[in-house]
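Worksheet for the structure shown next.
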Amino acid sequence: IFESRFETAFAINEKLNFDELEIYFCGSGSPLSFSPEGAQCIALIVGNDIYVIDSGENSFGKISNNYLPQNIKAVFITHAHSDHIADLDELNLRRWVTGATQPLRVYGSSEIINVTEGINLAYKNDEDYRVDHHGEEFVPPKNRPMTAIVHSPTDEPQLIFEDENIKVESFLVDHFPVKQAIGFRIFFGEKVIIISGDTEITDNVFSLVDGADVLIHDGMIKEHVSFLADVAKENNVSRMEIAFTDILDYHADVIDIKKNLENKDLDLLIINHLVPPKNLLGVRYVEDLFSDVNYGFLLARDNDKIIISKDSDEVIIN
């Protein structure tokens with residue numbers, strides 16, 4: 001069994017296709033959920049290169065079960081809420097010990113300085129133990145601390161990353177009181193993927209949609225969240241009432257997402273990071289809502305894979 005797994009995991013793939021981009025949902029769950037789903041995490045895979053958007057709790061194991069962590073080239077963080085960064089520590093550690101040849105570069109606004117420096121410090125003892133045990137040649141200490149690549153986000157998209165596979169632009173979104181929450185526009189050749197991050201409805205997202213291949217937008221069923229707040233109030237659970245009420249003003253309602261996509265040229269909408277956590281009624285509500293649109297629709301679940309090819313207009317959902 002072990003031999004078979006090793007052969008599968010470490011075989012050199014001579015048929016890597018750098019003309020296809022795979023969008024892998026390593027975390028599609030709701031924030032602060034009791035669900036086993038991973039929190040916000042999207043991986044983009046081109047050939048054997050991996051780019052990770054956010055790293056919420058319970059998400060990294062899904063990446064490591066499907067891909068080699070040492071092939072993660074960069075991480076992009078939309079904002080520093082825990083459900084977007086909670087697995088970044090293990091992602092970085094496992095990437096290092098499995099053989100990454102350079103430090104992990106983490107891209108985001110100034111928020112990520114505290115995040116990366118805090119994790120680097122928290123894991124310093126672990127680094128020392130592993131270096132003392134295995135030696136510097138096996139786990140070079142210079143490759144362990146993350147490097148924060150910080151920019152000042154703006155309403156207009158700005159280029160923050162480019163390599164031989166993809167280009168990544170960032171733009172501000174509306175997730176107040178988070179002041180520098182960002183979304184991303186990713187270019188894969190002529191293909192365009194827009195990722196909202198966490199946001200209320202904002203023109204900074206929907207002004208970019210025309211001509212895009214995929215829009216991945218967080219979503220809330222505000223009718224259901226308001227109902228949960230009312231139930232909490234009726235049962236004198238004041239903390240839950242406050243929590244449900246407060247979150248209504250910084251996530252986009254799925255009804256409003258649909259309205260803002262009217263007359264837009266879009267191939268595929270993916271609702272991700274749904275609030276409340278997925279349940280039979282909520283899933284049915286969302287899927288019924290988007291059943292009559294003229295673009296493709298998917299409510300994301302963990303381990304969903306979307307394939308985009310430079311040579312085809314077809315978007316494949318696995």
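Chain lettering (A, B, ...) mirrors the order of the structure tokens, residue numbering begins at 1 for each chain separately, and ligand numbering begins at 1 in order of display.
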Exercise. Enumerate as number ranges by chain all residues of stretch 102-241 of chain A assigned to strand (DSSP E) by DSSP on the backbone, naming them with the chain letters and numbers the document uses.
Key: A: 105-108, 147-150, 158-162, 167-172, 182-188, 191-195, 212-220
A:Ile42 surroundings by only C-alpha atoms, 7 Å radius, close-in-sequence under 3 positions cut, as a CSV table (one decimal) with N, CA, C and O atoms, in the first residue's frame:
chain,number,residue,atom,x,y,z
A,23,ILE,N,-8.9,24.8,-11.1
A,23,ILE,CA,-9.3,25.5,-9.9
A,23,ILE,C,-9.8,24.5,-8.9
A,23,ILE,O,-10.8,23.8,-9.2
A,24,TYR,N,-9.2,24.4,-7.8
A,24,TYR,CA,-9.5,23.3,-6.8
A,24,TYR,C,-10.0,24.0,-5.5
A,24,TYR,O,-9.3,24.8,-4.9
A,25,PHE,N,-11.2,23.5,-5.1
A,25,PHE,CA,-11.8,24.1,-3.8
A,25,PHE,C,-11.3,23.3,-2.6
A,25,PHE,O,-11.9,22.2,-2.3
A,26,CYS,N,-10.3,23.8,-2.0
A,26,CYS,CA,-9.8,23.1,-0.8
A,26,CYS,C,-10.5,23.6,0.4
A,26,CYS,O,-10.4,23.0,1.5
A,27,GLY,N,-11.3,24.6,0.3
A,27,GLY,CA,-12.2,25.1,1.4
A,27,GLY,C,-13.4,25.9,0.9
A,27,GLY,O,-13.1,26.9,0.3
A,52,VAL,N,-2.2,29.4,-4.1
A,52,VAL,CA,-3.3,29.2,-3.1
A,52,VAL,C,-3.8,30.6,-2.8
A,52,VAL,O,-3.1,31.5,-2.4
A,53,ILE,N,-5.2,30.7,-2.9
A,53,ILE,CA,-5.9,31.9,-2.4
A,53,ILE,C,-6.6,31.6,-1.1
A,53,ILE,O,-7.5,30.8,-1.0
A,54,ASP,N,-6.1,32.2,0.0
A,54,ASP,CA,-6.5,32.0,1.3
A,54,ASP,C,-6.3,30.6,1.8
A,54,ASP,O,-6.1,29.7,1.0
Quiz item: Excluding same-chain residues fewer than 6 positions from stretch 121-136 of chain A, what lies within 10 Å of it counting only C-alpha atoms, as a ChimeraX atom specification?
Solution: /A:89-90,92-93,96-97,142,144-145
Restrict the selected residues to N, CA and C atoms and save them as a PDB file, in the first residue's frame.
ATOM      1  N   ASP A  89      -0.215  28.334   8.742  1.00  0.00           N
ATOM      2  CA  ASP A  89       0.953  27.849   9.473  1.00  0.00           C
ATOM      3  C   ASP A  89       1.347  26.446   9.028  1.00  0.00           C
ATOM      4  N   GLU A  90       0.369  25.529   8.963  1.00  0.00           N
ATOM      5  CA  GLU A  90       0.685  24.162   8.558  1.00  0.00           C
ATOM      6  C   GLU A  90       1.032  24.079   7.075  1.00  0.00           C
ATOM      7  N   ASN A  92       2.671  26.287   5.389  1.00  0.00           N
ATOM      8  CA  ASN A  92       4.065  26.704   5.265  1.00  0.00           C
ATOM      9  C   ASN A  92       5.018  25.651   5.814  1.00  0.00           C
ATOM     10  N   LEU A  93       4.662  25.074   6.968  1.00  0.00           N
ATOM     11  CA  LEU A  93       5.526  24.048   7.564  1.00  0.00           C
ATOM     12  C   LEU A  93       5.670  22.849   6.642  1.00  0.00           C
ATOM     13  N   TRP A  96       7.750  23.419   3.605  1.00  0.00           N
ATOM     14  CA  TRP A  96       9.180  23.465   3.925  1.00  0.00           C
ATOM     15  C   TRP A  96       9.758  22.067   4.105  1.00  0.00           C
ATOM     16  N   VAL A  97       9.109  21.238   4.944  1.00  0.00           N
ATOM     17  CA  VAL A  97       9.704  19.936   5.255  1.00  0.00           C
ATOM     18  C   VAL A  97       9.606  18.961   4.089  1.00  0.00           C
ATOM     19  N   LYS A 142      16.804  28.702   6.098  1.00  0.00           N
ATOM     20  CA  LYS A 142      16.491  29.923   5.348  1.00  0.00           C
ATOM     21  C   LYS A 142      15.195  29.797   4.544  1.00  0.00           C
ATOM     22  N   ARG A 144      12.393  28.330   5.650  1.00  0.00           N
ATOM     23  CA  ARG A 144      11.213  28.128   6.485  1.00  0.00           C
ATOM     24  C   ARG A 144      10.395  29.393   6.726  1.00  0.00           C
ATOM     25  N   PRO A 145      10.972  30.546   7.114  1.00  0.00           N
ATOM     26  CA  PRO A 145      10.123  31.712   7.401  1.00  0.00           C
ATOM     27  C   PRO A 145       9.437  32.239   6.137  1.00  0.00           C
TER      28      PRO A 145
END
Quiz item: Which residue, A:Ile317, A:Leu268, A:Ala252, A:Val150, has the smallest gap to A:Leu215 when you use only C-alpha atoms?
Solution: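 Distance minimum relative to A:Leu215 lands on A:Leu268.
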Exercise. Find the spatial neighbours of A:His84, counting only C-alpha atoms, within a cut-off of 6 Å - ignore same-chain residues fewer than 5 positions away - and output them as a list in words.
Key: Gln40, Asp54, Ser55 and Gly56 of chain A
Requested write-out: N, CA and C atoms of the selected residues, as a PDB file, in the first residue's frame:
ATOM      1  N   GLN A  40     -12.415  29.098   3.828  1.00  0.00           N
ATOM      2  CA  GLN A  40     -12.040  29.644   2.526  1.00  0.00           C
ATOM      3  C   GLN A  40     -10.646  29.214   2.053  1.00  0.00           C
ATOM      4  N   ASP A  54      -6.057  32.209  -0.042  1.00  0.00           N
ATOM      5  CA  ASP A  54      -6.543  32.019   1.329  1.00  0.00           C
ATOM      6  C   ASP A  54      -6.260  30.591   1.820  1.00  0.00           C
ATOM      7  N   SER A  55      -6.247  30.451   3.141  1.00  0.00           N
ATOM      8  CA  SER A  55      -5.886  29.168   3.748  1.00  0.00           C
ATOM      9  C   SER A  55      -6.623  29.014   5.073  1.00  0.00           C
ATOM     10  N   GLY A  56      -7.960  28.859   4.973  1.00  0.00           N
ATOM     11  CA  GLY A  56      -8.775  28.729   6.168  1.00  0.00           C
ATOM     12  C   GLY A  56      -8.644  27.372   6.825  1.00  0.00           C
TER      13      GLY A  56
END
Exercise. Rank nothing, just name the residue among A:Ile195, A:Val205, A:Leu269, A:Val106 nearest to A:Ala74, using only C-alpha atoms.
Key: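 The shortest atom-to-atom distance to A:Ala74 comes from A:Val106.
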Quiz item: If you count only C-alpha atoms, which residues fall within 12 Å of A:Arg94, apart from same-chain ones fewer than 3 positions away, as a ChimeraX atom specification?
Solution: /A:60-61,63-65,67-72,87-91,97-100,104,123,126-127,130,139,143-144
Quiz item: Do you have the atom CA of A:Glu169-atom CA of A:His79 distance handy?
Solution: 15.0 Å
Quiz prompt | Proximity to A:Asp313 - best of A:Ile182, A:Leu172, A:Ala86, A:Ala212, only C-alpha atoms | solution = A:Ala212
Quiz item: Excluding same-chain residues fewer than 4 positions from A:Leu159, what lies within 12 Å of it counting only C-alpha atoms, as a PyMOL selection string?
Solution: chain A and resi 107-108+151-154+163+166-171+184-187
Store the residues of this selection in a file with all heavy atoms, as a short mmCIF file (atom, residue, chain, number, x, y, z; two decimals), in the first residue's frame.
data_model
loop_
_atom_site.label_atom_id
_atom_site.label_comp_id
_atom_site.auth_asym_id
_atom_site.auth_seq_id
_atom_site.Cartn_x
_atom_site.Cartn_y
_atom_site.Cartn_z
N TYR A 107 1.24 37.09 -0.46
CA TYR A 107 0.87 38.38 -1.04
C TYR A 107 -0.42 38.88 -0.40
O TYR A 107 -1.38 38.13 -0.22
CB TYR A 107 0.67 38.24 -2.55
CG TYR A 107 1.94 37.96 -3.31
CD1 TYR A 107 2.49 36.68 -3.32
CD2 TYR A 107 2.61 38.97 -4.00
CE1 TYR A 107 3.67 36.41 -4.01
CE2 TYR A 107 3.78 38.71 -4.70
CZ TYR A 107 4.31 37.44 -4.69
OH TYR A 107 5.48 37.17 -5.37
N GLY A 108 -0.44 40.17 -0.11
CA GLY A 108 -1.65 40.77 0.44
C GLY A 108 -1.42 42.20 0.83
O GLY A 108 -0.39 42.81 0.51
N HIS A 151 1.34 45.21 -0.59
CA HIS A 151 1.04 46.33 -1.47
C HIS A 151 -0.13 47.11 -0.88
O HIS A 151 -0.81 46.64 0.04
CB HIS A 151 0.67 45.83 -2.88
CG HIS A 151 -0.63 45.10 -2.94
ND1 HIS A 151 -0.80 43.81 -2.46
CD2 HIS A 151 -1.86 45.47 -3.41
CE1 HIS A 151 -2.04 43.42 -2.64
NE2 HIS A 151 -2.72 44.41 -3.21
N SER A 152 -0.34 48.32 -1.39
CA SER A 152 -1.46 49.15 -0.96
C SER A 152 -2.58 48.99 -1.96
O SER A 152 -2.50 49.51 -3.08
CB SER A 152 -1.04 50.62 -0.87
OG SER A 152 -0.03 50.79 0.11
N PRO A 153 -3.64 48.27 -1.62
CA PRO A 153 -4.70 48.00 -2.59
C PRO A 153 -5.49 49.26 -2.94
O PRO A 153 -5.60 50.19 -2.15
CB PRO A 153 -5.58 46.97 -1.88
CG PRO A 153 -5.29 47.15 -0.43
CD PRO A 153 -3.88 47.63 -0.32
N THR A 154 -6.05 49.26 -4.15
CA THR A 154 -6.82 50.38 -4.67
C THR A 154 -8.11 49.87 -5.28
O THR A 154 -8.29 48.67 -5.50
CB THR A 154 -6.02 51.14 -5.74
OG1 THR A 154 -5.60 50.21 -6.76
CG2 THR A 154 -4.79 51.81 -5.13
N ASP A 163 4.10 35.45 -13.31
CA ASP A 163 5.15 34.51 -13.68
C ASP A 163 4.81 33.91 -15.04
O ASP A 163 3.98 34.46 -15.77
CB ASP A 163 5.36 33.44 -12.60
CG ASP A 163 4.19 32.47 -12.45
OD1 ASP A 163 3.20 32.60 -13.21
OD2 ASP A 163 4.26 31.58 -11.58
N ILE A 166 0.64 32.61 -14.73
CA ILE A 166 -0.52 33.45 -14.44
C ILE A 166 -0.09 34.88 -14.11
O ILE A 166 1.08 35.14 -13.76
CB ILE A 166 -1.36 32.91 -13.27
CG1 ILE A 166 -0.54 32.89 -11.97
CG2 ILE A 166 -1.91 31.53 -13.59
CD1 ILE A 166 -1.36 32.55 -10.73
N LYS A 167 -1.05 35.80 -14.21
CA LYS A 167 -0.92 37.16 -13.69
C LYS A 167 -2.03 37.35 -12.65
O LYS A 167 -3.16 36.89 -12.85
CB LYS A 167 -1.06 38.21 -14.79
CG LYS A 167 0.05 38.20 -15.81
CD LYS A 167 0.04 39.48 -16.66
CE LYS A 167 -1.26 39.61 -17.44
NZ LYS A 167 -1.24 40.80 -18.35
N VAL A 168 -1.71 38.05 -11.56
CA VAL A 168 -2.68 38.28 -10.50
C VAL A 168 -2.78 39.78 -10.23
O VAL A 168 -1.77 40.44 -9.98
CB VAL A 168 -2.30 37.54 -9.20
CG1 VAL A 168 -3.34 37.81 -8.11
CG2 VAL A 168 -2.16 36.04 -9.45
N GLU A 169 -4.01 40.29 -10.30
CA GLU A 169 -4.29 41.66 -9.92
C GLU A 169 -5.14 41.67 -8.65
O GLU A 169 -5.93 40.76 -8.42
CB GLU A 169 -5.05 42.40 -11.02
CG GLU A 169 -4.26 42.55 -12.31
CD GLU A 169 -5.08 43.24 -13.39
OE1 GLU A 169 -6.33 43.24 -13.30
OE2 GLU A 169 -4.46 43.76 -14.34
N SER A 170 -4.98 42.71 -7.84
CA SER A 170 -5.82 42.87 -6.65
C SER A 170 -6.66 44.13 -6.77
O SER A 170 -6.33 45.05 -7.53
CB SER A 170 -4.95 42.96 -5.39
OG SER A 170 -4.47 44.28 -5.20
N PHE A 171 -7.76 44.17 -6.01
CA PHE A 171 -8.60 45.36 -5.94
C PHE A 171 -9.33 45.35 -4.59
O PHE A 171 -9.57 44.28 -4.01
CB PHE A 171 -9.60 45.41 -7.09
CG PHE A 171 -10.40 44.16 -7.27
CD1 PHE A 171 -11.59 43.96 -6.57
CD2 PHE A 171 -9.96 43.15 -8.13
CE1 PHE A 171 -12.32 42.79 -6.73
CE2 PHE A 171 -10.68 41.97 -8.29
CZ PHE A 171 -11.87 41.79 -7.59
N PHE A 184 -9.35 39.34 -6.18
CA PHE A 184 -8.30 39.11 -7.16
C PHE A 184 -8.89 38.88 -8.55
O PHE A 184 -9.96 38.27 -8.69
CB PHE A 184 -7.46 37.89 -6.78
CG PHE A 184 -6.74 38.03 -5.46
CD1 PHE A 184 -7.14 37.31 -4.35
CD2 PHE A 184 -5.66 38.90 -5.33
CE1 PHE A 184 -6.49 37.45 -3.13
CE2 PHE A 184 -5.00 39.04 -4.13
CZ PHE A 184 -5.41 38.32 -3.02
N ARG A 185 -8.18 39.37 -9.55
CA ARG A 185 -8.47 39.02 -10.94
C ARG A 185 -7.24 38.29 -11.47
O ARG A 185 -6.14 38.83 -11.45
CB ARG A 185 -8.77 40.26 -11.78
CG ARG A 185 -9.05 39.90 -13.24
CD ARG A 185 -9.72 41.05 -14.00
NE ARG A 185 -8.86 42.23 -14.12
CZ ARG A 185 -9.18 43.30 -14.85
NH1 ARG A 185 -10.34 43.34 -15.50
NH2 ARG A 185 -8.36 44.34 -14.90
N ILE A 186 -7.45 37.07 -11.93
CA ILE A 186 -6.35 36.21 -12.38
C ILE A 186 -6.46 36.02 -13.88
O ILE A 186 -7.53 35.71 -14.41
CB ILE A 186 -6.39 34.85 -11.65
CG1 ILE A 186 -6.10 35.05 -10.17
CG2 ILE A 186 -5.37 33.88 -12.23
CD1 ILE A 186 -7.17 34.61 -9.26
N PHE A 187 -5.34 36.19 -14.55
CA PHE A 187 -5.26 35.98 -15.99
C PHE A 187 -4.45 34.72 -16.26
O PHE A 187 -3.33 34.57 -15.78
CB PHE A 187 -4.58 37.17 -16.68
CG PHE A 187 -5.37 38.44 -16.62
CD1 PHE A 187 -5.23 39.31 -15.56
CD2 PHE A 187 -6.25 38.77 -17.65
CE1 PHE A 187 -5.95 40.49 -15.50
CE2 PHE A 187 -6.98 39.95 -17.60
CZ PHE A 187 -6.83 40.81 -16.52
#
Quiz item: Which residues come within 12 Å of A:Tyr295, counting only C-alpha atoms, excluding same-chain residues fewer than 5 positions away, as a list in words?
Solution: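 The filter keeps Asp210, Gly211, Ala212, Asp213, Val214, Leu215, Lys258, Leu261, Glu262, Asn263, Lys264, Asp265, Leu266, Asp267, Leu268, Leu269, Ile270, Phe290 and Val315 of chain A.
Here atom CA of A:Gly38 and atom CA of A:Gly219 stand 15.8 Å from one another.
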Quiz prompt | In stretch 92-304 of chain A, DSSP helix (DSSP H, G or I) residues written as a ChimeraX atom specification | solution = /A:92-97,111-122,124-134,141-143,203-206,222-234,238-249,254-260,280-289
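Using only C-alpha atoms, the smallest distance between any of A:Asn279, A:Asn120, A:Ser226, A:Ser109 and A:Met240 comes from A:Ser226.
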Quiz prompt | Residue with smallest distance to A:Ala148 - pool A:Val75, A:Ile194, A:Ile242, A:Leu208, counting only C-alpha atoms | solution =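 Looking at the shortest contact to A:Ala148, the residue is A:Val75.
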